[in-house]
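J.: Please read through the structure below; I'll follow up with questions.
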Amino acid sequence: MSKGGSSPTALLDDLRAGSRFAVFIDDTGSPGDPNTPPNLHPFRKSWVAVVLSPENAAEVADQLPGAVAELTSLTGASEFHFTDIYSGKHAFSSHPLELRLALFKFMARIFQLYSIPVFVQTFDPENAAFHTIQAKAPARFGPFQMTRVEDAALYFLLFRVKQYLVESGVSEATAARVVVDEGFRKHGYTFALPSFKNVFADGLVTFASSHAVQALQLADFA
């Protein structure tokens, strides 16, 4: 499913123009991981969203390519993959802890500088079922199968972001471009949530790679 104005190029044009809010979403947690700590549900799933004002979206879109170019110069890596940075794997395996910590400090400084709000939604099978029943959600809502933990968690995250944008004074002209890191759906896949169309531009949610839409790396960090 794809619609005009939802391609990575169109998304980046909107960000650079500073005309709209921007929402970037990534997932975390590994359902079924046998090494799950005992205090955490082994089948939990989390989604994380960061929200940028139109002005901040434009500045981040302008500045982040330079930061990625500097990262490549320092480490050879083409993206800020924070799991790899933290664990010293892949492109970061030969780099000292001091450098890797400096990359975390750099990104933390961006969040501090722009006061970027972060939203986290974690569900496991038990609380996902409870909240879905409490919200009287249908078994299927658009592309979401609400009986699946990751679907329910993403839907509820989007709903919370929608509420925040309304409280922030979003208008039809500034309605957010919403981008989710690929994985849950393939790069370029787009779907519409008609009831969100006054808050999300055209009601659209688009999936993209963090290489094509570099600002997704903010959500990876968060």
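Ligands are numbered from 1 in the order shown, residues from 1 within each chain, and chains are lettered A, B, ... in the order they appear in the structure tokens.
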A:Ala58: which residues within 12 Å, counting only C-alpha atoms, same-chain residues fewer than 6 positions away excluded, as an mmCIF file with C-alpha atoms, in the first residue's frame?
T.:
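Below you can see selection.cif, which holds the result:
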data_model
loop_
_atom_site.group_PDB
_atom_site.id
_atom_site.type_symbol
_atom_site.label_atom_id
_atom_site.label_comp_id
_atom_site.auth_asym_id
_atom_site.auth_seq_id
_atom_site.Cartn_x
_atom_site.Cartn_y
_atom_site.Cartn_z
ATOM 1 C CA LEU A 11 9.116 13.047 3.594
ATOM 2 C CA LEU A 12 12.570 14.623 3.582
ATOM 3 C CA ASP A 13 11.316 17.580 1.561
ATOM 4 C CA ASP A 14 8.629 18.202 4.188
ATOM 5 C CA LEU A 15 11.166 17.967 7.006
ATOM 6 C CA ARG A 16 13.600 20.380 5.362
ATOM 7 C CA ALA A 17 10.783 22.840 4.710
ATOM 8 C CA GLY A 18 10.007 23.021 8.438
ATOM 9 C CA SER A 19 6.318 22.906 7.636
ATOM 10 C CA ARG A 20 5.183 19.927 9.693
ATOM 11 C CA PHE A 21 5.712 18.065 12.926
ATOM 12 C CA ALA A 22 7.727 14.875 12.497
ATOM 13 C CA LEU A 52 9.987 16.999 16.540
ATOM 14 C CA LEU A 64 22.065 15.082 10.683
ATOM 15 C CA TYR A 114 15.923 20.398 21.191
ATOM 16 C CA ALA A 215 16.267 10.952 11.470
#
J.: So how many Å separate atom CA of A:Gln163 and atom CA of A:Asp62, to one decimal?
T.: 27.5 Å
J.: Please extract the residues of stretch 13-216 of chain A with a backbone DSSP assignment of strand (DSSP E) and present them as a ChimeraX atom specification.
T.: /A:22-28,45-52,118-123,140-141,144-145,177-181,190-192,204-208
J.: I'd like the neighbourhood of A:Leu74 as a tab-separated table (two decimals) with all heavy atoms, in the first residue's frame, where a residue qualifies if any of its atoms comes within 12 Å (using only C-alpha atoms), though same-chain residues fewer than 2 positions away should be ignored.
T.:
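The result, stored in out_38.tsv:
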chain	number	residue	atom	x	y	z
A	67	ALA	N	26.43	14.99	10.52
A	67	ALA	CA	26.82	14.18	11.68
A	67	ALA	C	27.11	12.74	11.24
A	67	ALA	O	28.06	12.11	11.72
A	67	ALA	CB	25.72	14.20	12.73
A	68	VAL	N	26.28	12.22	10.34
A	68	VAL	CA	26.51	10.86	9.84
A	68	VAL	C	27.81	10.80	9.04
A	68	VAL	O	28.57	9.83	9.14
A	68	VAL	CB	25.32	10.39	8.98
A	68	VAL	CG1	25.63	9.05	8.32
A	68	VAL	CG2	24.06	10.26	9.85
A	69	ALA	N	28.08	11.84	8.25
A	69	ALA	CA	29.34	11.89	7.49
A	69	ALA	C	30.54	11.89	8.43
A	69	ALA	O	31.56	11.23	8.18
A	69	ALA	CB	29.36	13.12	6.59
A	70	GLU	N	30.43	12.62	9.54
A	70	GLU	CA	31.50	12.64	10.54
A	70	GLU	C	31.66	11.28	11.19
A	70	GLU	O	32.79	10.82	11.44
A	70	GLU	CB	31.21	13.71	11.59
A	70	GLU	CG	32.29	13.86	12.66
A	70	GLU	CD	33.60	14.40	12.14
A	70	GLU	OE1	33.62	14.94	11.01
A	70	GLU	OE2	34.61	14.28	12.85
A	71	LEU	N	30.53	10.62	11.47
A	71	LEU	CA	30.57	9.27	12.04
A	71	LEU	C	31.32	8.33	11.10
A	71	LEU	O	32.16	7.53	11.54
A	71	LEU	CB	29.15	8.76	12.26
A	71	LEU	CG	29.03	7.30	12.70
A	71	LEU	CD1	29.44	7.15	14.16
A	71	LEU	CD2	27.60	6.78	12.51
A	72	THR	N	31.02	8.43	9.82
A	72	THR	CA	31.68	7.57	8.83
A	72	THR	C	33.18	7.85	8.80
A	72	THR	O	33.99	6.92	8.73
A	72	THR	CB	31.07	7.79	7.44
A	72	THR	OG1	29.66	7.53	7.48
A	72	THR	CG2	31.71	6.87	6.41
A	76	GLY	N	33.90	4.53	10.13
A	76	GLY	CA	33.57	3.72	8.95
A	76	GLY	C	32.12	3.30	8.91
A	76	GLY	O	31.64	2.75	7.91
A	77	ALA	N	31.38	3.54	9.98
A	77	ALA	CA	29.96	3.19	10.03
A	77	ALA	C	29.13	4.19	9.25
A	77	ALA	O	29.45	5.38	9.21
A	77	ALA	CB	29.47	3.14	11.47
A	78	SER	N	28.05	3.73	8.63
A	78	SER	CA	27.20	4.61	7.84
A	78	SER	C	25.96	5.07	8.60
A	78	SER	O	25.21	5.90	8.11
A	78	SER	CB	26.77	3.92	6.55
A	78	SER	OG	26.04	2.72	6.84
A	79	GLU	N	25.75	4.50	9.81
A	79	GLU	CA	24.58	4.87	10.61
A	79	GLU	C	24.93	4.77	12.09
A	79	GLU	O	25.82	4.03	12.49
A	79	GLU	CB	23.39	3.94	10.32
A	79	GLU	CG	22.85	4.01	8.91
A	79	GLU	CD	21.63	3.12	8.73
A	79	GLU	OE1	20.70	3.23	9.55
A	79	GLU	OE2	21.62	2.32	7.78
A	80	PHE	N	24.16	5.53	12.90
A	80	PHE	CA	24.27	5.43	14.35
A	80	PHE	C	23.42	4.24	14.82
A	80	PHE	O	22.25	4.39	15.15
A	80	PHE	CB	23.74	6.72	15.01
A	80	PHE	CG	24.64	7.91	14.87
A	80	PHE	CD1	24.48	8.78	13.80
A	80	PHE	CD2	25.63	8.17	15.81
A	80	PHE	CE1	25.29	9.91	13.68
A	80	PHE	CE2	26.45	9.29	15.68
A	80	PHE	CZ	26.28	10.16	14.61
A	91	ALA	N	30.88	-2.41	12.88
A	91	ALA	CA	31.77	-1.30	12.53
A	91	ALA	C	32.46	-0.68	13.74
A	91	ALA	O	33.47	0.01	13.60
A	91	ALA	CB	30.96	-0.22	11.79
A	92	PHE	N	31.93	-0.95	14.95
A	92	PHE	CA	32.48	-0.33	16.16
A	92	PHE	C	33.35	-1.27	16.97
A	92	PHE	O	33.80	-0.93	18.06
A	92	PHE	CB	31.33	0.19	17.03
A	92	PHE	CG	30.43	1.14	16.30
A	92	PHE	CD1	29.26	0.69	15.70
A	92	PHE	CD2	30.75	2.48	16.18
A	92	PHE	CE1	28.43	1.55	15.00
A	92	PHE	CE2	29.94	3.36	15.48
A	92	PHE	CZ	28.77	2.89	14.88
A	94	SER	N	36.41	-2.25	16.67
A	94	SER	CA	37.82	-1.88	16.87
A	94	SER	C	37.99	-0.52	17.52
A	94	SER	O	39.12	-0.03	17.64
A	94	SER	CB	38.55	-1.91	15.52
A	94	SER	OG	37.99	-0.95	14.63
A	95	HIS	N	36.89	0.09	17.95
A	95	HIS	CA	36.97	1.44	18.50
A	95	HIS	C	36.87	1.43	20.02
A	95	HIS	O	36.09	0.65	20.59
A	95	HIS	CB	35.90	2.32	17.89
A	95	HIS	CG	36.05	2.49	16.40
A	95	HIS	ND1	37.05	3.23	15.84
A	95	HIS	CD2	35.33	1.98	15.38
A	95	HIS	CE1	36.96	3.17	14.52
A	95	HIS	NE2	35.91	2.43	14.21
A	96	PRO	N	37.63	2.29	20.68
A	96	PRO	CA	37.66	2.27	22.15
A	96	PRO	C	36.34	2.74	22.77
A	96	PRO	O	35.53	3.44	22.14
A	96	PRO	CB	38.80	3.25	22.49
A	96	PRO	CG	38.85	4.18	21.32
A	96	PRO	CD	38.51	3.33	20.13
A	99	LEU	N	35.45	6.56	22.68
A	99	LEU	CA	34.84	7.07	21.46
A	99	LEU	C	33.36	6.69	21.40
A	99	LEU	O	32.51	7.52	21.06
A	99	LEU	CB	35.57	6.52	20.23
A	99	LEU	CG	34.92	6.85	18.88
A	99	LEU	CD1	34.84	8.35	18.66
A	99	LEU	CD2	35.67	6.18	17.73
A	100	ARG	N	33.08	5.45	21.76
A	100	ARG	CA	31.68	5.00	21.70
A	100	ARG	C	30.82	5.77	22.69
A	100	ARG	O	29.67	6.14	22.39
A	100	ARG	CB	31.62	3.49	21.94
A	100	ARG	CG	32.22	2.71	20.78
A	100	ARG	CD	32.04	1.22	20.89
A	100	ARG	NE	33.00	0.61	21.81
A	100	ARG	CZ	32.67	-0.07	22.89
A	100	ARG	NH1	31.40	-0.23	23.24
A	100	ARG	NH2	33.62	-0.60	23.65
A	102	ALA	N	31.40	8.80	23.63
A	102	ALA	CA	31.29	10.15	23.08
A	102	ALA	C	30.15	10.23	22.07
A	102	ALA	O	29.46	11.26	21.98
A	102	ALA	CB	32.60	10.55	22.41
A	103	LEU	N	29.89	9.15	21.34
A	103	LEU	CA	28.78	9.14	20.39
A	103	LEU	C	27.45	9.19	21.13
A	103	LEU	O	26.51	9.87	20.69
A	103	LEU	CB	28.86	7.89	19.50
A	103	LEU	CG	30.08	7.81	18.59
A	103	LEU	CD1	30.13	6.48	17.86
A	103	LEU	CD2	30.09	8.97	17.59
J.: Give me, as a PyMOL selection string, all polymer residues having an atom no more than 12 Å from A:Ala219, counting only C-alpha atoms and skipping those fewer than 2 positions away in the same chain.
T.: chain A and resi 22-28+47-52+80-82+107-108+111+116-120+178-181+210+213-217+221-222
